[in-house]
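For reference, upload-v4.cif is printed below; it contains mmCIF, C-alpha atoms and all ligand atoms.
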```
data_data
loop_
_atom_site.group_PDB
_atom_site.id
_atom_site.type_symbol
_atom_site.label_atom_id
_atom_site.label_comp_id
_atom_site.auth_asym_id
_atom_site.auth_seq_id
_atom_site.Cartn_x
_atom_site.Cartn_y
_atom_site.Cartn_z
ATOM 1 C CA MET A 1 0.000 0.000 0.000
ATOM 2 C CA THR A 2 0.944 3.644 -0.259
ATOM 3 C CA ILE A 3 1.062 4.984 3.272
ATOM 4 C CA LEU A 4 1.107 8.735 3.954
ATOM 5 C CA VAL A 5 2.623 9.616 7.330
ATOM 6 C CA ASP A 6 2.461 13.001 9.020
ATOM 7 C CA MET A 7 5.695 14.223 10.606
ATOM 8 C CA ASP A 8 4.904 16.513 13.585
ATOM 9 C CA ASP A 9 3.565 14.637 16.612
ATOM 10 C CA VAL A 10 3.363 11.364 14.682
ATOM 11 C CA LEU A 11 6.955 10.586 13.623
ATOM 12 C CA GLU A 12 8.415 12.918 16.230
ATOM 13 C CA GLN A 13 7.429 14.577 19.501
ATOM 14 C CA LEU A 14 7.114 18.200 18.436
ATOM 15 C CA VAL A 15 4.823 19.301 21.282
ATOM 16 C CA GLU A 16 7.193 17.867 23.901
ATOM 17 C CA GLY A 17 10.151 19.613 22.236
ATOM 18 C CA MET A 18 8.323 22.944 22.028
ATOM 19 C CA LEU A 19 7.285 22.756 25.689
ATOM 20 C CA ARG A 20 10.844 21.976 26.833
ATOM 21 C CA TYR A 21 12.126 24.980 24.918
ATOM 22 C CA VAL A 22 9.396 27.456 25.895
ATOM 23 C CA ASN A 23 9.289 26.368 29.575
ATOM 24 C CA ALA A 24 13.084 26.715 29.878
ATOM 25 C CA ARG A 25 13.129 30.085 28.152
ATOM 26 C CA TYR A 26 10.125 31.748 29.786
ATOM 27 C CA GLY A 27 9.891 29.922 33.137
ATOM 28 C CA THR A 28 6.494 28.332 32.447
ATOM 29 C CA THR A 29 5.514 24.807 33.556
ATOM 30 C CA VAL A 30 3.136 23.593 30.842
ATOM 31 C CA SER A 31 3.043 19.815 30.257
ATOM 32 C CA PRO A 32 1.913 17.889 27.144
ATOM 33 C CA GLU A 33 -1.352 16.893 28.867
ATOM 34 C CA ASP A 34 -2.155 20.624 29.235
ATOM 35 C CA ILE A 35 -2.224 20.989 25.432
ATOM 36 C CA THR A 36 -5.866 20.245 24.765
ATOM 37 C CA GLU A 37 -6.288 22.428 21.697
ATOM 38 C CA TRP A 38 -4.580 22.583 18.335
ATOM 39 C CA ASN A 39 -3.334 26.113 19.053
ATOM 40 C CA LEU A 40 -0.422 25.654 21.472
ATOM 41 C CA ALA A 41 -0.497 29.344 22.439
ATOM 42 C CA LYS A 42 -3.796 28.849 24.320
ATOM 43 C CA ALA A 43 -1.931 26.922 27.034
ATOM 44 C CA PHE A 44 0.373 29.928 27.607
ATOM 45 C CA PRO A 45 -1.957 32.839 28.444
ATOM 46 C CA ALA A 46 0.933 34.991 29.682
ATOM 47 C CA LEU A 47 2.983 34.632 26.478
ATOM 48 C CA THR A 48 2.455 35.966 22.970
ATOM 49 C CA ARG A 49 1.890 33.618 20.056
ATOM 50 C CA GLU A 50 5.319 34.661 18.686
ATOM 51 C CA MET A 51 6.994 33.585 21.932
ATOM 52 C CA VAL A 52 5.234 30.196 21.964
ATOM 53 C CA TYR A 53 6.104 29.423 18.348
ATOM 54 C CA SER A 54 9.621 30.902 18.547
ATOM 55 C CA PRO A 55 11.394 27.500 18.826
ATOM 56 C CA GLU A 56 10.459 26.593 15.242
ATOM 57 C CA TYR A 57 12.485 29.549 13.973
ATOM 58 C CA ASP A 58 15.560 28.740 16.079
ATOM 59 C CA GLU A 59 17.939 26.731 13.884
ATOM 60 C CA ASP A 60 19.220 24.752 16.862
ATOM 61 C CA PHE A 61 15.762 23.665 17.988
ATOM 62 C CA TRP A 62 15.224 20.726 15.611
ATOM 63 C CA LYS A 63 18.176 18.821 17.072
ATOM 64 C CA THR A 64 16.325 18.710 20.401
ATOM 65 C CA VAL A 65 13.104 17.126 19.092
ATOM 66 C CA GLU A 66 12.938 13.373 19.706
ATOM 67 C CA PRO A 67 11.369 10.647 17.578
ATOM 68 C CA MET A 68 8.042 9.115 18.600
ATOM 69 C CA PRO A 69 8.600 5.796 20.433
ATOM 70 C CA GLY A 70 8.255 2.879 18.011
ATOM 71 C CA ALA A 71 8.104 5.026 14.860
ATOM 72 C CA ASP A 72 11.527 3.975 13.544
ATOM 73 C CA ARG A 73 10.967 0.266 14.243
ATOM 74 C CA ILE A 74 7.516 0.142 12.622
ATOM 75 C CA LEU A 75 8.492 2.326 9.658
ATOM 76 C CA ARG A 76 11.385 -0.042 8.858
ATOM 77 C CA LYS A 77 9.050 -3.004 9.176
ATOM 78 C CA LEU A 78 6.490 -1.469 6.794
ATOM 79 C CA LEU A 79 9.232 -0.654 4.253
ATOM 80 C CA ASP A 80 10.637 -4.196 4.567
ATOM 81 C CA GLU A 81 7.173 -5.574 3.894
ATOM 82 C CA GLY A 82 7.064 -3.631 0.630
ATOM 83 C CA HIS A 83 4.796 -0.723 1.502
ATOM 84 C CA GLU A 84 5.539 2.691 0.016
ATOM 85 C CA ILE A 85 6.000 5.395 2.633
ATOM 86 C CA TYR A 86 5.603 9.129 2.057
ATOM 87 C CA VAL A 87 6.086 11.677 4.809
ATOM 88 C CA VAL A 88 3.436 14.320 4.147
ATOM 89 C CA THR A 89 4.040 17.457 6.145
ATOM 90 C CA ALA A 90 2.717 21.002 6.150
ATOM 91 C CA THR A 91 6.115 22.188 7.435
ATOM 92 C CA GLU A 92 6.685 25.868 6.784
ATOM 93 C CA TYR A 93 9.252 26.491 4.071
ATOM 94 C CA GLU A 94 11.335 28.798 6.265
ATOM 95 C CA THR A 95 12.174 25.935 8.633
ATOM 96 C CA LEU A 96 12.422 23.138 6.084
ATOM 97 C CA LYS A 97 16.175 22.583 5.625
ATOM 98 C CA GLN A 98 17.087 22.411 9.298
ATOM 99 C CA LYS A 99 14.040 20.348 10.182
ATOM 100 C CA MET A 100 14.770 17.735 7.503
ATOM 101 C CA GLU A 101 18.493 17.479 8.255
ATOM 102 C CA ASP A 102 18.422 17.645 12.044
ATOM 103 C CA LEU A 103 15.245 15.697 12.640
ATOM 104 C CA LEU A 104 13.745 13.569 9.850
ATOM 105 C CA PHE A 105 16.886 12.327 8.076
ATOM 106 C CA ARG A 106 18.839 12.114 11.327
ATOM 107 C CA TRP A 107 16.420 9.774 13.117
ATOM 108 C CA PHE A 108 15.093 8.008 10.007
ATOM 109 C CA PRO A 109 18.257 7.745 7.855
ATOM 110 C CA TYR A 110 16.687 5.337 5.324
ATOM 111 C CA LEU A 111 14.319 8.122 4.279
ATOM 112 C CA ASP A 112 15.450 10.749 1.801
ATOM 113 C CA TRP A 113 13.929 13.690 -0.045
ATOM 114 C CA SER A 114 12.114 11.320 -2.438
ATOM 115 C CA HIS A 115 9.988 10.180 0.520
ATOM 116 C CA VAL A 116 8.866 13.707 1.439
ATOM 117 C CA ILE A 117 5.800 15.610 0.213
ATOM 118 C CA ILE A 118 5.328 19.159 1.491
ATOM 119 C CA ALA A 119 1.653 20.015 1.400
ATOM 120 C CA ALA A 120 -0.595 22.324 3.368
ATOM 121 C CA ASN A 121 -3.637 20.614 1.821
ATOM 122 C CA LYS A 122 -3.049 16.935 2.460
ATOM 123 C CA GLN A 123 -6.414 16.040 0.910
ATOM 124 C CA MET A 124 -4.753 16.636 -2.471
ATOM 125 C CA ILE A 125 -2.306 13.752 -1.984
ATOM 126 C CA ARG A 126 -3.203 10.289 -3.216
ATOM 127 C CA GLY A 127 -2.555 7.215 -1.093
ATOM 128 C CA ASP A 128 -4.206 4.204 0.560
ATOM 129 C CA VAL A 129 -3.781 5.304 4.178
ATOM 130 C CA LEU A 130 -3.099 8.617 5.933
ATOM 131 C CA ILE A 131 -1.765 8.696 9.508
ATOM 132 C CA ASP A 132 -2.085 12.136 11.132
ATOM 133 C CA ASP A 133 -2.747 13.794 14.486
ATOM 134 C CA GLY A 134 -4.510 16.785 12.893
ATOM 135 C CA PRO A 135 -8.294 16.348 12.550
ATOM 136 C CA HIS A 136 -8.330 18.980 9.749
ATOM 137 C CA ASN A 137 -6.125 16.696 7.645
ATOM 138 C CA LEU A 138 -8.454 13.706 7.917
ATOM 139 C CA THR A 139 -11.301 15.038 5.798
ATOM 140 C CA GLY A 140 -10.272 13.614 2.411
ATOM 141 C CA LYS A 141 -12.245 11.015 0.499
ATOM 142 C CA GLY A 142 -11.163 7.656 -0.900
ATOM 143 C CA ILE A 143 -8.411 7.131 1.660
ATOM 144 C CA ARG A 144 -8.271 5.185 4.934
ATOM 145 C CA LYS A 145 -7.577 7.454 7.887
ATOM 146 C CA ILE A 146 -5.733 6.802 11.132
ATOM 147 C CA LEU A 147 -5.825 9.485 13.840
ATOM 148 C CA PHE A 148 -2.742 9.434 16.061
ATOM 149 C CA ASP A 149 -4.024 10.095 19.583
ATOM 150 C CA ARG A 150 -2.552 13.187 21.259
ATOM 151 C CA PRO A 151 -3.918 15.364 24.091
ATOM 152 C CA HIS A 152 -4.702 18.151 21.590
ATOM 153 C CA ASN A 153 -7.086 15.963 19.533
ATOM 154 C CA ARG A 154 -8.942 14.100 22.328
ATOM 155 C CA SER A 155 -12.098 16.202 21.970
ATOM 156 C CA PHE A 156 -12.350 15.313 18.275
ATOM 157 C CA ASP A 157 -14.752 12.549 17.243
ATOM 158 C CA GLU A 158 -12.636 10.586 14.756
ATOM 159 C CA LYS A 159 -15.635 8.505 13.692
ATOM 160 C CA SER A 160 -17.230 11.645 12.224
ATOM 161 C CA VAL A 161 -14.622 11.465 9.424
ATOM 162 C CA GLY A 162 -14.425 7.663 9.316
ATOM 163 C CA ALA A 163 -11.025 7.545 11.011
ATOM 164 C CA VAL A 164 -9.656 5.043 13.515
ATOM 165 C CA ARG A 165 -7.884 6.395 16.623
ATOM 166 C CA VAL A 166 -4.616 4.723 17.638
ATOM 167 C CA LYS A 167 -2.463 5.339 20.718
ATOM 168 C CA ASP A 168 0.973 4.237 19.528
ATOM 169 C CA TRP A 169 2.989 2.911 16.583
ATOM 170 C CA ASP A 170 2.275 -0.741 17.393
ATOM 171 C CA GLU A 171 -1.422 0.048 17.028
ATOM 172 C CA ILE A 172 -0.663 1.790 13.726
ATOM 173 C CA TYR A 173 1.018 -1.389 12.524
ATOM 174 C CA ARG A 174 -1.945 -3.565 13.518
ATOM 175 C CA GLU A 175 -4.407 -1.208 11.829
ATOM 176 C CA ILE A 176 -2.339 -1.171 8.619
ATOM 177 C CA CYS A 177 -2.208 -4.983 8.600
ATOM 178 C CA ARG A 178 -5.982 -5.034 9.012
ATOM 179 C CA ILE A 179 -6.507 -2.574 6.134
ATOM 180 C CA ALA A 180 -4.072 -4.502 3.913
ATOM 181 C CA GLU A 181 -5.959 -7.714 4.634
ATOM 182 C CA GLU A 182 -9.280 -6.046 3.824
ATOM 183 C CA GLN A 183 -7.907 -4.718 0.542
ATOM 184 C CA ARG A 184 -6.527 -8.149 -0.346
ATOM 185 C CA LYS A 185 -9.919 -9.736 0.283
ATOM 186 C CA GLY A 186 -11.573 -6.961 -1.730
ATOM 187 C CA TYR A 187 -9.346 -7.719 -4.717
ATOM 188 C CA GLU A 188 -9.877 -11.467 -4.380
ATOM 189 C CA THR A 189 -13.647 -11.230 -4.305
ATOM 190 C CA GLY A 190 -13.726 -8.421 -6.842
ATOM 191 C CA TYR A 191 -15.760 -6.170 -4.601
ATOM 192 C CA GLY A 192 -14.201 -2.772 -5.175
ATOM 193 C CA GLU A 193 -10.820 -1.776 -3.862
ATOM 194 C CA GLY A 194 -11.586 -2.458 -0.223
ATOM 195 C CA ARG A 195 -11.490 1.255 0.423
ATOM 196 C CA GLU A 196 -13.742 3.161 2.715
ATOM 197 C CA LYS A 197 -16.912 4.345 1.021
ATOM 198 C CA ASN A 198 -17.205 8.053 1.761
HETATM 199 MG MG MG B 201 1.021 16.525 12.944
#
```
Rendering of file as structure tokens:
Amino acid sequence: MTILVDMDDVLEQLVEGMLRYVNARYGTTVSPEDITEWNLAKAFPALTREMVYSPEYDEDFWKTVEPMPGADRILRKLLDEGHEIYVVTATEYETLKQKMEDLLFRWFPYLDWSHVIIAANKQMIRGDVLIDDGPHNLTGKGIRKILFDRPHNRSFDEKSVGAVRVKDWDEIYREICRIAEEQRKGYETGYGEGREKN
């Protein structure tokens, strides 16, 4: 299958990295569980939006962001099993070079630029499965959707867009195996492509 994987807060722990940076710099004590909305700045009422998002524009920041537990192991497994992987990220162009070199290609060295698609509108990208923590990215049609559970998306009803919520990369792997099996059966019986009807 062609599997589209989001980068921030799916392949790596961006929120945790941002909080470490902002808490150290401004003396705040916000934890990942306090981030219950997509807009990080809401958890820092005393700081400006520019202050909260300042780490992304610090060239040294990306080296401090850590991979998501299990992401490397499962990604290798999926590649070994013959799936095609594309990292689809809405990364801002100003931060792109440092973020790719110090984060994506550093922790996932078997990925290169040919595996990366930069897109603010992920619905435009074709694939069999999309894994993302952003509810706004899971609105496309004709693609299976996996919502990566994070405190900032807990209030979102994933079923409203036909997505399945998973808590970690092992669950992602199990869900992908299930979808692959469904597609295989679909092909065998000739009933469509085994894709979600929406
Ligand atoms: Mg994300």
Report as JSON lines: every residue of chain A with an atom at most 10 Å from ligand MG 201 (chain B), its closest pair of atoms, and their distance in Å to one decimal, counting all atoms listed in the file, with rows sorted by chain and ascending residue number.
```
{"residue": "A:Val5", "atom": "CA", "partner": "B:MG201", "partner_atom": "MG", "distance": 9.0}
{"residue": "A:Asp6", "atom": "CA", "partner": "B:MG201", "partner_atom": "MG", "distance": 5.5}
{"residue": "A:Met7", "atom": "CA", "partner": "B:MG201", "partner_atom": "MG", "distance": 5.7}
{"residue": "A:Asp8", "atom": "CA", "partner": "B:MG201", "partner_atom": "MG", "distance": 3.9}
{"residue": "A:Asp9", "atom": "CA", "partner": "B:MG201", "partner_atom": "MG", "distance": 4.8}
{"residue": "A:Val10", "atom": "CA", "partner": "B:MG201", "partner_atom": "MG", "distance": 5.9}
{"residue": "A:Leu11", "atom": "CA", "partner": "B:MG201", "partner_atom": "MG", "distance": 8.4}
{"residue": "A:Glu12", "atom": "CA", "partner": "B:MG201", "partner_atom": "MG", "distance": 8.9}
{"residue": "A:Gln13", "atom": "CA", "partner": "B:MG201", "partner_atom": "MG", "distance": 9.4}
{"residue": "A:Leu14", "atom": "CA", "partner": "B:MG201", "partner_atom": "MG", "distance": 8.4}
{"residue": "A:Val15", "atom": "CA", "partner": "B:MG201", "partner_atom": "MG", "distance": 9.6}
{"residue": "A:Trp38", "atom": "CA", "partner": "B:MG201", "partner_atom": "MG", "distance": 9.9}
{"residue": "A:Val88", "atom": "CA", "partner": "B:MG201", "partner_atom": "MG", "distance": 9.4}
{"residue": "A:Thr89", "atom": "CA", "partner": "B:MG201", "partner_atom": "MG", "distance": 7.5}
{"residue": "A:Ala90", "atom": "CA", "partner": "B:MG201", "partner_atom": "MG", "distance": 8.3}
{"residue": "A:Thr91", "atom": "CA", "partner": "B:MG201", "partner_atom": "MG", "distance": 9.4}
{"residue": "A:Ile131", "atom": "CA", "partner": "B:MG201", "partner_atom": "MG", "distance": 9.0}
{"residue": "A:Asp132", "atom": "CA", "partner": "B:MG201", "partner_atom": "MG", "distance": 5.7}
{"residue": "A:Asp133", "atom": "CA", "partner": "B:MG201", "partner_atom": "MG", "distance": 4.9}
{"residue": "A:Gly134", "atom": "CA", "partner": "B:MG201", "partner_atom": "MG", "distance": 5.5}
{"residue": "A:Pro135", "atom": "CA", "partner": "B:MG201", "partner_atom": "MG", "distance": 9.3}
{"residue": "A:Asn137", "atom": "CA", "partner": "B:MG201", "partner_atom": "MG", "distance": 8.9}
{"residue": "A:Leu147", "atom": "CA", "partner": "B:MG201", "partner_atom": "MG", "distance": 9.9}
{"residue": "A:Phe148", "atom": "CA", "partner": "B:MG201", "partner_atom": "MG", "distance": 8.6}
{"residue": "A:Arg150", "atom": "CA", "partner": "B:MG201", "partner_atom": "MG", "distance": 9.6}
```
With only C-alpha atoms as the atoms that count, which of A:Ala46, A:Val87, A:Leu104, A:Leu111 lies nearest to A:Leu130?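 Looking only at the distances to A:Leu130, the closest residue turns out to be A:Val87.
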Which is closest to A:Ile74 among A:Arg165, A:Asn153, A:Ile118, A:Phe108, if we use only C-alpha atoms?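 Ranked by minimum distance to A:Ile74, first place goes to A:Phe108.
Once stretch 19-28 of chain A and its same-chain neighbours fewer than 5 positions away are set aside, A:Leu14, A:Ile35, A:Leu40, A:Phe44, A:Ala46, A:Leu47, A:Met51, A:Val52, A:Tyr53, A:Ser54, A:Pro55, A:Glu56, A:Phe61, A:Thr64, A:Val65 remain within 10 Å of it when counting only C-alpha atoms.
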Quick one: pull the distance between atom CA of A:Glu158 and atom CA of A:Glu84, Å, one decimal. 24.7 Å
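Using only C-alpha atoms, the shortest contact distance between A:Glu33 and any of A:Ser160, A:Asp149, A:Ile176, A:Thr189 is found at A:Asp149.
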Could stretch 43-57 of chain A be completed with N, CA and C atoms and returned as an mmCIF file, in the frame of the given file?
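File result16.cif, as written:
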```cif
data_model
loop_
_atom_site.group_PDB
_atom_site.id
_atom_site.type_symbol
_atom_site.label_atom_id
_atom_site.label_comp_id
_atom_site.auth_asym_id
_atom_site.auth_seq_id
_atom_site.Cartn_x
_atom_site.Cartn_y
_atom_site.Cartn_z
ATOM 1 N N ALA A 43 -2.384 27.460 25.747
ATOM 2 C CA ALA A 43 -1.931 26.922 27.034
ATOM 3 C C ALA A 43 -0.947 27.865 27.732
ATOM 4 N N PHE A 44 -0.578 28.956 27.044
ATOM 5 C CA PHE A 44 0.373 29.928 27.607
ATOM 6 C C PHE A 44 -0.258 31.322 27.608
ATOM 7 N N PRO A 45 -1.254 31.553 28.487
ATOM 8 C CA PRO A 45 -1.957 32.839 28.444
ATOM 9 C C PRO A 45 -1.054 34.049 28.681
ATOM 10 N N ALA A 46 0.073 33.841 29.373
ATOM 11 C CA ALA A 46 0.933 34.991 29.682
ATOM 12 C C ALA A 46 1.928 35.306 28.558
ATOM 13 N N LEU A 47 2.003 34.423 27.557
ATOM 14 C CA LEU A 47 2.983 34.632 26.478
ATOM 15 C C LEU A 47 2.286 34.999 25.171
ATOM 16 N N THR A 48 3.019 35.664 24.292
ATOM 17 C CA THR A 48 2.455 35.966 22.970
ATOM 18 C C THR A 48 2.599 34.739 22.081
ATOM 19 N N ARG A 49 1.818 34.710 21.014
ATOM 20 C CA ARG A 49 1.890 33.618 20.056
ATOM 21 C C ARG A 49 3.310 33.505 19.476
ATOM 22 N N GLU A 50 3.954 34.651 19.239
ATOM 23 C CA GLU A 50 5.319 34.661 18.686
ATOM 24 C C GLU A 50 6.286 33.969 19.636
ATOM 25 N N MET A 51 6.120 34.217 20.934
ATOM 26 C CA MET A 51 6.994 33.585 21.932
ATOM 27 C C MET A 51 6.796 32.065 21.912
ATOM 28 N N VAL A 52 5.534 31.637 21.887
ATOM 29 C CA VAL A 52 5.234 30.196 21.964
ATOM 30 C C VAL A 52 5.762 29.461 20.729
ATOM 31 N N TYR A 53 5.664 30.086 19.576
ATOM 32 C CA TYR A 53 6.104 29.423 18.348
ATOM 33 C C TYR A 53 7.553 29.761 17.974
ATOM 34 N N SER A 54 8.245 30.501 18.853
ATOM 35 C CA SER A 54 9.621 30.902 18.547
ATOM 36 C C SER A 54 10.595 29.734 18.338
ATOM 37 N N PRO A 55 10.421 28.578 19.030
ATOM 38 C CA PRO A 55 11.394 27.500 18.826
ATOM 39 C C PRO A 55 11.532 27.094 17.357
ATOM 40 N N GLU A 56 10.423 27.075 16.623
ATOM 41 C CA GLU A 56 10.459 26.593 15.242
ATOM 42 C C GLU A 56 11.383 27.425 14.356
ATOM 43 N N TYR A 57 11.643 28.669 14.790
ATOM 44 C CA TYR A 57 12.485 29.549 13.973
ATOM 45 C C TYR A 57 13.909 29.651 14.522
#
```
